[in-house]
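As structure tokens, the structure follows; a few thoughts come after it.
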Amino acid sequence: MFEINRHHRLLTVAACAGAMLLVAGCATAPMAPPASLNEARNAIQTAEKDDARQYARAELEEAHQKLALAEKAVAAEDMILAERFADESAVMAQLAAARTEATKAEAINEEMRRSARALAEEMRRAGDPQ
């Protein structure tokens with residue numbers, strides 16, 4: 001009988017210890033924000049440096065909005081949602097940068113076409129005695 005009480009006490013202590021570990025596990029710090037938040041921030045900075053605000057304002061604004069949603073999700077400790085919004089933000093920032101680059105390239109191409117037409121016109125006039 002003395003052995004049964006001792007065994008019962010050991011089980012009770014073990015159960016209490018397990019419950020305390022479970023409670024302590026629930027009280028740990030939230031997971032760190034996903035690395036994709038930094039990727040989104042970097043993509044936005046790159047797009048802004050490339051003048052995306054001038055050439056791809058809508059895409060850049062959407063990237064900022066998605067990043068804000070990602071940061072709210074981190075504050076709510078919803079890391080899966082935070083990562084999704086951060087990834088979407090990075091993609092929109094990359095799109096803004098690509099659209100900016102394409103718009104700048106098109107402007108350069110148009111300037112080269114004008115210069116070529118002007119040069120051709122000048123050559124035609126120089127070769128055309130009046």
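Ordered as shown in the structure tokens, chains take letters A, B, and onward, while each chain numbers its residues from 1 and ligands are numbered from 1 in the order shown.
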
Q: Skip segment 66-72 of chain A itself and residues of its chain fewer than 2 positions away, then list as a ChimeraX atom specification all residues within 8 Å of it, counting only C-alpha atoms.
A: /A:37,40-41,62-64,74-76,81-86,88-89

Q.
So that I can check the surroundings of Ile44 of chain A, please list as a PyMOL selection string every protein, DNA and RNA residue that reaches within 12 Å of it, counting only C-alpha atoms and ignoring chain neighbours fewer than 2 positions away.
A. chain A and resi 37-42+46-53+56-57+59-67+86-98

Can you write just those residues out, N, CA and C atoms, as an mmCIF file, in the first residue's frame?
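Once everything was written out, this is selection_27.cif:
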```cif
data_model
loop_
_atom_site.group_PDB
_atom_site.id
_atom_site.type_symbol
_atom_site.label_atom_id
_atom_site.label_comp_id
_atom_site.auth_asym_id
_atom_site.auth_seq_id
_atom_site.Cartn_x
_atom_site.Cartn_y
_atom_site.Cartn_z
ATOM 1 N N LEU A 37 9.821 39.532 -45.568
ATOM 2 C CA LEU A 37 9.571 40.951 -45.280
ATOM 3 C C LEU A 37 10.763 41.799 -45.710
ATOM 4 N N ASN A 38 11.966 41.348 -45.390
ATOM 5 C CA ASN A 38 13.164 42.087 -45.800
ATOM 6 C C ASN A 38 13.318 42.094 -47.313
ATOM 7 N N GLU A 39 12.979 40.977 -47.941
ATOM 8 C CA GLU A 39 13.042 40.911 -49.404
ATOM 9 C C GLU A 39 12.082 41.926 -50.025
ATOM 10 N N ALA A 40 10.887 42.027 -49.457
ATOM 11 C CA ALA A 40 9.905 42.990 -49.970
ATOM 12 C C ALA A 40 10.404 44.417 -49.783
ATOM 13 N N ARG A 41 10.934 44.709 -48.602
ATOM 14 C CA ARG A 41 11.459 46.062 -48.347
ATOM 15 C C ARG A 41 12.576 46.399 -49.317
ATOM 16 N N ASN A 42 13.488 45.451 -49.543
ATOM 17 C CA ASN A 42 14.599 45.680 -50.470
ATOM 18 C C ASN A 42 14.098 45.887 -51.897
ATOM 19 N N THR A 46 14.638 49.264 -54.125
ATOM 20 C CA THR A 46 15.246 49.205 -55.462
ATOM 21 C C THR A 46 14.342 49.879 -56.488
ATOM 22 N N ALA A 47 13.060 49.576 -56.433
ATOM 23 C CA ALA A 47 12.114 50.179 -57.375
ATOM 24 C C ALA A 47 12.064 51.693 -57.198
ATOM 25 N N GLU A 48 12.080 52.150 -55.962
ATOM 26 C CA GLU A 48 12.043 53.600 -55.715
ATOM 27 C C GLU A 48 13.307 54.286 -56.226
ATOM 28 N N LYS A 49 14.460 53.636 -56.060
ATOM 29 C CA LYS A 49 15.720 54.200 -56.563
ATOM 30 C C LYS A 49 15.706 54.302 -58.086
ATOM 31 N N ASP A 50 14.985 53.386 -58.728
ATOM 32 C CA ASP A 50 14.904 53.365 -60.192
ATOM 33 C C ASP A 50 13.801 54.275 -60.732
ATOM 34 N N ASP A 51 13.227 55.124 -59.869
ATOM 35 C CA ASP A 51 12.175 56.079 -60.248
ATOM 36 C C ASP A 51 10.828 55.430 -60.542
ATOM 37 N N ALA A 52 10.516 54.336 -59.876
ATOM 38 C CA ALA A 52 9.226 53.672 -60.103
ATOM 39 C C ALA A 52 8.059 54.572 -59.702
ATOM 40 N N ARG A 53 8.285 55.475 -58.758
ATOM 41 C CA ARG A 53 7.202 56.380 -58.357
ATOM 42 C C ARG A 53 6.743 57.226 -59.558
ATOM 43 N N ALA A 56 5.862 53.849 -62.559
ATOM 44 C CA ALA A 56 4.991 52.712 -62.223
ATOM 45 C C ALA A 56 4.385 52.941 -60.833
ATOM 46 N N ARG A 57 3.746 54.075 -60.698
ATOM 47 C CA ARG A 57 3.203 54.490 -59.394
ATOM 48 C C ARG A 57 2.209 53.473 -58.826
ATOM 49 N N GLU A 59 1.815 50.202 -59.313
ATOM 50 C CA GLU A 59 2.450 48.973 -58.861
ATOM 51 C C GLU A 59 3.237 49.202 -57.577
ATOM 52 N N LEU A 60 3.936 50.335 -57.505
ATOM 53 C CA LEU A 60 4.714 50.644 -56.309
ATOM 54 C C LEU A 60 3.799 50.857 -55.102
ATOM 55 N N GLU A 61 2.692 51.548 -55.313
ATOM 56 C CA GLU A 61 1.737 51.762 -54.217
ATOM 57 C C GLU A 61 1.156 50.432 -53.738
ATOM 58 N N GLU A 62 0.859 49.541 -54.670
ATOM 59 C CA GLU A 62 0.341 48.234 -54.275
ATOM 60 C C GLU A 62 1.390 47.451 -53.485
ATOM 61 N N ALA A 63 2.647 47.580 -53.872
ATOM 62 C CA ALA A 63 3.727 46.915 -53.122
ATOM 63 C C ALA A 63 3.778 47.447 -51.695
ATOM 64 N N HIS A 64 3.635 48.759 -51.534
ATOM 65 C CA HIS A 64 3.618 49.363 -50.192
ATOM 66 C C HIS A 64 2.415 48.868 -49.380
ATOM 67 N N GLN A 65 1.259 48.777 -50.018
ATOM 68 C CA GLN A 65 0.055 48.317 -49.322
ATOM 69 C C GLN A 65 0.205 46.871 -48.861
ATOM 70 N N LYS A 66 0.741 46.024 -49.728
ATOM 71 C CA LYS A 66 0.936 44.615 -49.372
ATOM 72 C C LYS A 66 1.950 44.480 -48.231
ATOM 73 N N LEU A 67 2.984 45.318 -48.243
ATOM 74 C CA LEU A 67 3.967 45.285 -47.166
ATOM 75 C C LEU A 67 3.321 45.699 -45.842
ATOM 76 N N ALA A 86 4.011 39.545 -47.861
ATOM 77 C CA ALA A 86 5.376 40.005 -48.139
ATOM 78 C C ALA A 86 5.827 39.538 -49.518
ATOM 79 N N ASP A 87 5.512 38.300 -49.854
ATOM 80 C CA ASP A 87 5.865 37.787 -51.192
ATOM 81 C C ASP A 87 5.140 38.580 -52.279
ATOM 82 N N GLU A 88 3.862 38.858 -52.064
ATOM 83 C CA GLU A 88 3.095 39.645 -53.039
ATOM 84 C C GLU A 88 3.673 41.053 -53.164
ATOM 85 N N SER A 89 4.090 41.620 -52.052
ATOM 86 C CA SER A 89 4.695 42.948 -52.066
ATOM 87 C C SER A 89 5.973 42.954 -52.895
ATOM 88 N N ALA A 90 6.812 41.954 -52.675
ATOM 89 C CA ALA A 90 8.067 41.860 -53.430
ATOM 90 C C ALA A 90 7.802 41.724 -54.922
ATOM 91 N N VAL A 91 6.830 40.909 -55.285
ATOM 92 C CA VAL A 91 6.500 40.717 -56.698
ATOM 93 C C VAL A 91 6.011 42.035 -57.313
ATOM 94 N N MET A 92 5.156 42.759 -56.596
ATOM 95 C CA MET A 92 4.652 44.038 -57.126
ATOM 96 C C MET A 92 5.786 45.055 -57.260
ATOM 97 N N ALA A 93 6.709 45.067 -56.310
ATOM 98 C CA ALA A 93 7.850 45.981 -56.393
ATOM 99 C C ALA A 93 8.739 45.616 -57.579
ATOM 100 N N GLN A 94 8.933 44.319 -57.806
ATOM 101 C CA GLN A 94 9.723 43.880 -58.958
ATOM 102 C C GLN A 94 9.028 44.242 -60.267
ATOM 103 N N LEU A 95 7.705 44.117 -60.283
ATOM 104 C CA LEU A 95 6.942 44.518 -61.468
ATOM 105 C C LEU A 95 7.094 46.021 -61.704
ATOM 106 N N ALA A 96 7.029 46.805 -60.637
ATOM 107 C CA ALA A 96 7.203 48.258 -60.764
ATOM 108 C C ALA A 96 8.583 48.579 -61.328
ATOM 109 N N ALA A 97 9.597 47.894 -60.839
ATOM 110 C CA ALA A 97 10.961 48.123 -61.345
ATOM 111 C C ALA A 97 11.073 47.725 -62.812
ATOM 112 N N ALA A 98 10.485 46.602 -63.177
ATOM 113 C CA ALA A 98 10.541 46.141 -64.576
ATOM 114 C C ALA A 98 9.785 47.095 -65.494
#
```

Q. So what do you get for atom CA of Lys104 of chain A versus atom CA of Glu121 of chain A, distance-wise?
A.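 Between atom CA of Lys104 of chain A and atom CA of Glu121 of chain A the gap is 25.8 Å.
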
Q) Could you work out how far atom CA of Glu101 of chain A lies from atom CA of Ser115 of chain A, giving the answer in Å with one decimal? A)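 Atom-to-atom, atom CA of Ser115 of chain A to atom CA of Glu101 of chain A, that is 21.1 Å.
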
Q. Mind pulling up the distance from atom CA of Thr103 of chain A to atom CA of Tyr55 of chain A?
A. 6.9 Å
